[in-house]
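Asks: So here's input24.cif (mmCIF, C-alpha atoms).
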```
data_coords
loop_
_atom_site.group_PDB
_atom_site.id
_atom_site.type_symbol
_atom_site.label_atom_id
_atom_site.label_comp_id
_atom_site.auth_asym_id
_atom_site.auth_seq_id
_atom_site.Cartn_x
_atom_site.Cartn_y
_atom_site.Cartn_z
ATOM 1 C CA MET A 5 -19.229 39.073 -45.140
ATOM 2 C CA ILE A 6 -17.082 40.616 -47.827
ATOM 3 C CA GLY A 7 -14.776 43.125 -46.119
ATOM 4 C CA ARG A 8 -12.349 44.069 -48.875
ATOM 5 C CA ILE A 9 -12.175 43.956 -52.667
ATOM 6 C CA ALA A 10 -8.995 44.186 -54.737
ATOM 7 C CA GLY A 11 -9.049 43.992 -58.508
ATOM 8 C CA LEU A 12 -9.309 45.866 -61.782
ATOM 9 C CA LEU A 13 -11.734 48.744 -62.125
ATOM 10 C CA LEU A 14 -13.905 47.891 -65.143
ATOM 11 C CA ALA A 15 -16.566 50.617 -65.128
ATOM 12 C CA ARG A 16 -17.466 53.889 -63.400
ATOM 13 C CA ASN A 17 -21.111 54.965 -63.509
ATOM 14 C CA PRO A 18 -21.788 57.150 -60.470
ATOM 15 C CA PRO A 19 -22.472 56.028 -57.824
ATOM 16 C CA GLU A 20 -21.883 52.477 -59.077
ATOM 17 C CA ILE A 21 -18.590 50.913 -60.070
ATOM 18 C CA LEU A 22 -17.668 47.469 -61.378
ATOM 19 C CA VAL A 23 -14.541 45.724 -60.113
ATOM 20 C CA ASP A 24 -13.145 42.508 -61.644
ATOM 21 C CA VAL A 25 -11.760 40.162 -59.004
ATOM 22 C CA GLY A 26 -10.372 36.961 -60.487
ATOM 23 C CA GLY A 27 -12.867 36.936 -63.341
ATOM 24 C CA VAL A 28 -15.887 37.846 -61.204
ATOM 25 C CA GLY A 29 -17.316 41.343 -61.594
ATOM 26 C CA TYR A 30 -18.523 42.934 -58.357
ATOM 27 C CA GLU A 31 -20.929 45.873 -58.519
ATOM 28 C CA LEU A 32 -20.364 48.342 -55.684
ATOM 29 C CA ASP A 33 -22.030 51.598 -54.784
ATOM 30 C CA VAL A 34 -19.570 54.198 -53.517
ATOM 31 C CA PRO A 35 -19.892 57.702 -52.060
ATOM 32 C CA MET A 36 -18.794 60.492 -54.386
ATOM 33 C CA SER A 37 -15.790 61.196 -52.137
ATOM 34 C CA THR A 38 -14.504 57.713 -52.999
ATOM 35 C CA PHE A 39 -15.656 57.927 -56.614
ATOM 36 C CA TYR A 40 -13.580 61.048 -57.338
ATOM 37 C CA ASP A 41 -10.425 59.431 -55.927
ATOM 38 C CA LEU A 42 -10.706 56.174 -57.897
ATOM 39 C CA PRO A 43 -8.001 55.296 -60.415
ATOM 40 C CA ALA A 44 -8.743 55.211 -64.149
ATOM 41 C CA VAL A 45 -10.736 52.362 -65.682
ATOM 42 C CA GLY A 46 -8.438 49.367 -66.241
ATOM 43 C CA GLU A 47 -6.244 50.136 -63.232
ATOM 44 C CA ARG A 48 -6.021 48.208 -59.985
ATOM 45 C CA VAL A 49 -8.194 49.348 -57.069
ATOM 46 C CA VAL A 50 -8.492 48.251 -53.431
ATOM 47 C CA LEU A 51 -11.689 49.061 -51.544
ATOM 48 C CA LEU A 52 -12.946 48.343 -48.071
ATOM 49 C CA THR A 53 -16.515 47.105 -48.283
ATOM 50 C CA HIS A 54 -19.735 46.786 -46.359
ATOM 51 C CA GLN A 55 -22.203 44.120 -47.445
ATOM 52 C CA VAL A 56 -25.939 44.462 -46.906
ATOM 53 C CA VAL A 57 -27.971 41.279 -47.246
ATOM 54 C CA ARG A 58 -31.662 41.777 -47.897
ATOM 55 C CA GLU A 59 -34.370 39.328 -48.757
ATOM 56 C CA ASP A 60 -34.281 40.361 -52.404
ATOM 57 C CA ALA A 61 -30.644 41.424 -52.881
ATOM 58 C CA HIS A 62 -27.055 41.292 -51.692
ATOM 59 C CA LEU A 63 -25.638 44.824 -51.926
ATOM 60 C CA LEU A 64 -22.013 45.848 -51.681
ATOM 61 C CA TYR A 65 -20.767 49.334 -50.749
ATOM 62 C CA GLY A 66 -17.142 50.365 -51.267
ATOM 63 C CA PHE A 67 -14.882 52.882 -49.539
ATOM 64 C CA LEU A 68 -11.271 53.978 -50.027
ATOM 65 C CA THR A 69 -10.718 54.714 -46.322
ATOM 66 C CA ALA A 70 -11.592 52.977 -43.074
ATOM 67 C CA SER A 71 -12.983 56.244 -41.687
ATOM 68 C CA GLU A 72 -15.521 56.462 -44.532
ATOM 69 C CA ARG A 73 -16.658 52.900 -43.931
ATOM 70 C CA SER A 74 -16.908 53.475 -40.167
ATOM 71 C CA ALA A 75 -18.962 56.642 -40.694
ATOM 72 C CA PHE A 76 -21.215 54.762 -43.142
ATOM 73 C CA ARG A 77 -21.775 52.005 -40.582
ATOM 74 C CA GLU A 78 -22.649 54.524 -37.876
ATOM 75 C CA LEU A 79 -25.089 56.275 -40.193
ATOM 76 C CA ILE A 80 -26.985 53.116 -41.180
ATOM 77 C CA ARG A 81 -27.415 52.175 -37.510
ATOM 78 C CA ILE A 82 -29.710 55.175 -37.131
ATOM 79 C CA SER A 83 -33.389 54.342 -37.547
ATOM 80 C CA GLY A 84 -34.715 55.625 -40.852
ATOM 81 C CA ILE A 85 -31.273 56.076 -42.431
ATOM 82 C CA GLY A 86 -30.604 53.435 -45.044
ATOM 83 C CA PRO A 87 -27.509 52.791 -47.140
ATOM 84 C CA ARG A 88 -28.623 55.188 -49.914
ATOM 85 C CA MET A 89 -29.100 58.056 -47.459
ATOM 86 C CA ALA A 90 -25.758 57.243 -45.779
ATOM 87 C CA LEU A 91 -24.045 57.378 -49.186
ATOM 88 C CA ALA A 92 -25.731 60.715 -49.867
ATOM 89 C CA VAL A 93 -24.410 62.108 -46.563
ATOM 90 C CA LEU A 94 -20.871 60.891 -47.291
ATOM 91 C CA SER A 95 -21.122 62.230 -50.848
ATOM 92 C CA GLY A 96 -22.159 65.663 -49.579
ATOM 93 C CA LEU A 97 -19.769 65.888 -46.625
ATOM 94 C CA SER A 98 -16.304 64.517 -45.999
ATOM 95 C CA VAL A 99 -15.881 62.412 -42.864
ATOM 96 C CA ALA A 100 -13.986 65.294 -41.266
ATOM 97 C CA ASP A 101 -16.809 67.718 -42.096
ATOM 98 C CA LEU A 102 -19.429 65.301 -40.765
ATOM 99 C CA THR A 103 -17.464 64.775 -37.557
ATOM 100 C CA SER A 104 -17.016 68.516 -37.174
ATOM 101 C CA ALA A 105 -20.723 69.174 -37.804
ATOM 102 C CA VAL A 106 -21.652 66.613 -35.144
ATOM 103 C CA ALA A 107 -19.095 67.951 -32.651
ATOM 104 C CA LEU A 108 -20.291 71.519 -33.184
ATOM 105 C CA GLN A 109 -23.970 70.489 -33.556
ATOM 106 C CA GLU A 110 -24.306 72.375 -36.855
ATOM 107 C CA SER A 111 -27.403 71.077 -38.645
ATOM 108 C CA GLY A 112 -26.911 73.662 -41.409
ATOM 109 C CA ARG A 113 -24.207 71.539 -42.994
ATOM 110 C CA LEU A 114 -26.403 68.441 -43.065
ATOM 111 C CA VAL A 115 -29.485 70.095 -44.554
ATOM 112 C CA LYS A 116 -27.408 70.957 -47.622
ATOM 113 C CA VAL A 117 -27.270 67.232 -48.426
ATOM 114 C CA PRO A 118 -30.091 66.294 -50.845
ATOM 115 C CA GLY A 119 -32.810 64.360 -49.015
ATOM 116 C CA ILE A 120 -31.894 65.627 -45.534
ATOM 117 C CA GLY A 121 -34.372 67.999 -43.939
ATOM 118 C CA LYS A 122 -34.104 69.941 -40.699
ATOM 119 C CA LYS A 123 -35.701 67.194 -38.563
ATOM 120 C CA THR A 124 -33.508 64.452 -40.028
ATOM 121 C CA ALA A 125 -30.402 66.620 -39.620
ATOM 122 C CA ASP A 126 -31.227 67.283 -35.966
ATOM 123 C CA ARG A 127 -31.822 63.569 -35.376
ATOM 124 C CA LEU A 128 -28.511 62.686 -37.054
ATOM 125 C CA LEU A 129 -26.647 65.194 -34.881
ATOM 126 C CA LEU A 130 -28.283 63.823 -31.748
ATOM 127 C CA GLU A 131 -27.731 60.155 -32.549
ATOM 128 C CA LEU A 132 -24.175 60.534 -33.893
ATOM 129 C CA LYS A 133 -22.939 62.607 -30.966
ATOM 130 C CA GLY A 134 -20.066 60.717 -29.348
ATOM 131 C CA LYS A 135 -20.426 57.760 -31.733
ATOM 132 C CA LEU A 136 -18.027 58.677 -34.493
ATOM 133 C CA GLY A 137 -15.176 57.404 -32.354
ATOM 134 C CA PRO A 138 -11.648 58.625 -31.780
ATOM 135 C CA GLU A 139 -10.386 57.480 -35.199
ATOM 136 C CA LEU A 140 -13.002 59.658 -36.901
ATOM 137 C CA ALA A 141 -12.942 62.485 -34.393
ATOM 138 C CA GLY A 142 -9.186 62.783 -34.917
ATOM 139 C CA ALA A 143 -9.830 63.664 -38.555
ATOM 140 C CA SER A 144 -11.451 66.906 -37.503
ATOM 141 C CA ALA A 145 -10.139 67.396 -34.001
ATOM 142 C CA GLN A 146 -8.660 70.775 -34.868
ATOM 143 C CA ALA A 147 -11.982 71.987 -36.233
ATOM 144 C CA ALA A 148 -13.728 71.205 -32.954
ATOM 145 C CA VAL A 149 -11.041 72.106 -30.406
ATOM 146 C CA THR A 150 -12.416 75.522 -29.596
ATOM 147 C CA ASP A 151 -15.467 77.595 -30.332
ATOM 148 C CA HIS A 152 -13.111 79.989 -32.140
ATOM 149 C CA SER A 153 -12.645 77.582 -35.030
ATOM 150 C CA ALA A 154 -16.423 77.326 -35.457
ATOM 151 C CA ASP A 155 -16.712 81.121 -35.428
ATOM 152 C CA ILE A 156 -13.895 81.434 -37.967
ATOM 153 C CA LEU A 157 -15.543 78.825 -40.171
ATOM 154 C CA ARG A 158 -18.934 80.573 -40.023
ATOM 155 C CA ALA A 159 -17.337 83.946 -40.808
ATOM 156 C CA LEU A 160 -15.549 82.561 -43.873
ATOM 157 C CA VAL A 161 -18.712 80.877 -45.140
ATOM 158 C CA SER A 162 -20.657 84.110 -44.684
ATOM 159 C CA LEU A 163 -17.983 85.845 -46.778
ATOM 160 C CA GLY A 164 -18.811 83.507 -49.653
ATOM 161 C CA TYR A 165 -16.233 80.724 -49.316
ATOM 162 C CA SER A 166 -17.412 77.116 -49.610
ATOM 163 C CA GLU A 167 -17.528 75.057 -46.423
ATOM 164 C CA LYS A 168 -14.715 72.888 -47.738
ATOM 165 C CA GLU A 169 -12.411 75.870 -48.447
ATOM 166 C CA ALA A 170 -13.353 77.540 -45.168
ATOM 167 C CA GLY A 171 -12.843 74.329 -43.198
ATOM 168 C CA LEU A 172 -9.378 73.740 -44.667
ATOM 169 C CA ALA A 173 -8.320 77.308 -43.909
ATOM 170 C CA ALA A 174 -9.848 77.321 -40.403
ATOM 171 C CA ARG A 175 -8.000 74.097 -39.513
ATOM 172 C CA GLN A 176 -4.664 75.713 -40.409
ATOM 173 C CA VAL A 177 -5.192 78.606 -37.988
ATOM 174 C CA PRO A 178 -3.439 78.101 -34.626
ATOM 175 C CA THR A 179 -5.945 77.059 -31.938
ATOM 176 C CA ASP A 180 -4.810 79.819 -29.588
ATOM 177 C CA ALA A 181 -5.628 82.578 -32.113
ATOM 178 C CA SER A 182 -8.503 84.937 -31.332
ATOM 179 C CA VAL A 183 -11.478 84.974 -33.671
ATOM 180 C CA SER A 184 -10.469 88.198 -35.437
ATOM 181 C CA ASP A 185 -6.828 87.089 -35.800
ATOM 182 C CA GLY A 186 -7.974 83.669 -36.959
ATOM 183 C CA ILE A 187 -10.206 85.161 -39.640
ATOM 184 C CA LYS A 188 -7.352 87.370 -40.871
ATOM 185 C CA GLN A 189 -4.955 84.401 -40.997
ATOM 186 C CA ALA A 190 -7.516 82.223 -42.761
ATOM 187 C CA LEU A 191 -8.207 84.935 -45.333
ATOM 188 C CA LYS A 192 -4.472 85.203 -46.035
ATOM 189 C CA LEU A 193 -4.315 81.408 -46.521
ATOM 190 C CA LEU A 194 -7.300 81.503 -48.858
ATOM 191 C CA ALA A 195 -5.812 84.391 -50.840
ATOM 192 C CA ARG A 196 -2.637 82.353 -51.448
ATOM 193 C CA ALA A 197 -4.634 79.319 -52.637
#
```
Since I need it in another form, could you write the structure as structure tokens?
Replies:
Amino acid sequence: MIGRIAGLLLARNPPEILVDVGGVGYELDVPMSTFYDLPAVGERVVLLTHQVVREDAHLLYGFLTASERSAFRELIRISGIGPRMALAVLSGLSVADLTSAVALQESGRLVKVPGIGKKTADRLLLELKGKLGPELAGASAQAAVTDHSADILRALVSLGYSEKEAGLAARQVPTDASVSDGIKQALKLLARA
């Protein structure tokens, strides 16, 4: 198995990239979260990888962080979820957002990902519950500590903020804050940003 690639980034054609490693060009598919954080073409890049060997192809998937790769591996273990669907999930949600959605059992976040319907979202929530592990759960532990953070997040989204903006603001609110105080504090944080 190929577990890591380090070399020069030769091409970026979403979701595929080409990395030169000692004269050999490796094609990798990456989630958009990784794609946006890649260096410029011609610069050095280091990616953690997951290799899928099929009868007709050897496919390589790349990730900038171990948490992305771990989440990808958990997703493809679920029946009916292949590597393409797993990449779509990780392109639509950060690992922290996915972990938070699973912890809070919020299928609404998952159905926003292209190709994920209500039934698939519910199955993902059920099968991922407790499987994202402490290293991934730690990424969004503050978002799932209390029901207040979920309420604050929902309130901010209903006010028109994106889930990403709302999630960042909700995580900065002290966990002991009441819902109304938390919303006020989060709105102040969002107003400053």
Asks: Mind checking which residues fall within 12 Å of Ala44 in chain A, counting all atoms listed in the file, ignoring those fewer than 5 positions away in the same chain, and posting them as an mmCIF file with C-alpha atoms, in the frame of the given file?
Replies:
```cif
data_model
loop_
_atom_site.group_PDB
_atom_site.id
_atom_site.type_symbol
_atom_site.label_atom_id
_atom_site.label_comp_id
_atom_site.auth_asym_id
_atom_site.auth_seq_id
_atom_site.Cartn_x
_atom_site.Cartn_y
_atom_site.Cartn_z
ATOM 1 C CA LEU A 12 -9.309 45.866 -61.782
ATOM 2 C CA LEU A 13 -11.734 48.744 -62.125
ATOM 3 C CA LEU A 14 -13.905 47.891 -65.143
ATOM 4 C CA ALA A 15 -16.566 50.617 -65.128
ATOM 5 C CA ARG A 16 -17.466 53.889 -63.400
ATOM 6 C CA ILE A 21 -18.590 50.913 -60.070
ATOM 7 C CA VAL A 23 -14.541 45.724 -60.113
ATOM 8 C CA PHE A 39 -15.656 57.927 -56.614
ATOM 9 C CA VAL A 49 -8.194 49.348 -57.069
#
```
Asks: Just the number, please: distance in Å from CA of Ala195 in chain A to CA of Gln176 in chain A, one decimal.
Replies: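 That distance, rounded to one decimal, is 13.6 Å.
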Asks: Expanded to explicit residues, what is the PyMOL selection byres ((chain A and resi 22) around 12) for this file, as a ChimeraX atom specification?
Replies: /A:9-21,23-25,27-34,39,42,45-49,51,64-66
Asks: Which one of A:Leu63, A:Leu52, A:Val57, A:Val99 sits closest to Ser37 in chain A if you count all atoms listed in the file?
Replies: A:Val99
Asks: CA of Leu194 in chain A to CA of Val93 in chain A: how many Å, to one decimal?
Replies: 26.0 Å
Asks: To one decimal in Å, tell me the separation between CA of Arg88 in chain A and CA of Ser74 in chain A.
Replies: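 A separation of 15.3 Å between them.
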Asks: Which residues come within 12 Å of Ser98 in chain A, counting only C-alpha atoms, excluding same-chain residues fewer than 5 positions away, as a PyMOL selection string?
Replies: chain A and resi 35-38+69+71-73+75-76+90-93+103-105+113-114+117+140+143-144+167-168+171-172
Asks: With all atoms listed in the file as the atoms that count, which of A:Val161, A:Ala181, A:Leu136, A:Ala174 lies nearest to Arg81 in chain A?
Replies: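 Among the listed residues, A:Leu136 lies closest to Arg81 in chain A.
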Asks: Taking (-6.5, 82.0, -46.0) in the file's own coordinates, collect the residues within 9 Å, counting only C-alpha atoms, and hand them back as a PDB file with C-alpha atoms, in the coordinates of the input.
Replies:
```pdb
ATOM      1  CA  GLU A 169     -12.411  75.870 -48.447  1.00  0.00           C
ATOM      2  CA  ALA A 170     -13.353  77.540 -45.168  1.00  0.00           C
ATOM      3  CA  LEU A 172      -9.378  73.740 -44.667  1.00  0.00           C
ATOM      4  CA  ALA A 173      -8.320  77.308 -43.909  1.00  0.00           C
ATOM      5  CA  ALA A 174      -9.848  77.321 -40.403  1.00  0.00           C
ATOM      6  CA  GLN A 176      -4.664  75.713 -40.409  1.00  0.00           C
ATOM      7  CA  VAL A 177      -5.192  78.606 -37.988  1.00  0.00           C
ATOM      8  CA  ILE A 187     -10.206  85.161 -39.640  1.00  0.00           C
ATOM      9  CA  LYS A 188      -7.352  87.370 -40.871  1.00  0.00           C
ATOM     10  CA  GLN A 189      -4.955  84.401 -40.997  1.00  0.00           C
ATOM     11  CA  ALA A 190      -7.516  82.223 -42.761  1.00  0.00           C
ATOM     12  CA  LEU A 191      -8.207  84.935 -45.333  1.00  0.00           C
ATOM     13  CA  LYS A 192      -4.472  85.203 -46.035  1.00  0.00           C
ATOM     14  CA  LEU A 193      -4.315  81.408 -46.521  1.00  0.00           C
ATOM     15  CA  LEU A 194      -7.300  81.503 -48.858  1.00  0.00           C
ATOM     16  CA  ALA A 195      -5.812  84.391 -50.840  1.00  0.00           C
ATOM     17  CA  ARG A 196      -2.637  82.353 -51.448  1.00  0.00           C
ATOM     18  CA  ALA A 197      -4.634  79.319 -52.637  1.00  0.00           C
TER      19      ALA A 197
END
```
Asks: Within 6 Å of (-17.8, 42.6, -47.9), in the coordinates the file gives, what residues turn up when you count all atoms listed in the file, written out as an mmCIF file with C-alpha atoms, keeping the file's coordinate frame?
Replies:
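Dumped to out12.cif:
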```cif
data_model
loop_
_atom_site.group_PDB
_atom_site.id
_atom_site.type_symbol
_atom_site.label_atom_id
_atom_site.label_comp_id
_atom_site.auth_asym_id
_atom_site.auth_seq_id
_atom_site.Cartn_x
_atom_site.Cartn_y
_atom_site.Cartn_z
ATOM 1 C CA MET A 5 -19.229 39.073 -45.140
ATOM 2 C CA ILE A 6 -17.082 40.616 -47.827
ATOM 3 C CA GLY A 7 -14.776 43.125 -46.119
ATOM 4 C CA ARG A 8 -12.349 44.069 -48.875
ATOM 5 C CA THR A 53 -16.515 47.105 -48.283
ATOM 6 C CA HIS A 54 -19.735 46.786 -46.359
ATOM 7 C CA GLN A 55 -22.203 44.120 -47.445
#
```
Asks: Name the closest residue to Glu78 in chain A among the candidates A:Ile120, A:Leu108, A:Leu160, A:Leu94; distances are taken between atoms, counting only C-alpha atoms.
Replies: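 Between A:Ile120, A:Leu108, A:Leu160, A:Leu94, the residue approaching Glu78 in chain A most closely is A:Leu94.
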Asks: For Leu129 in chain A, which residue among A:Leu97, A:Val106, A:Ser184, A:Val115 is the nearest when counting all atoms listed in the file?
Replies: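 Between A:Leu97, A:Val106, A:Ser184, A:Val115, the residue approaching Leu129 in chain A most closely is A:Val106.
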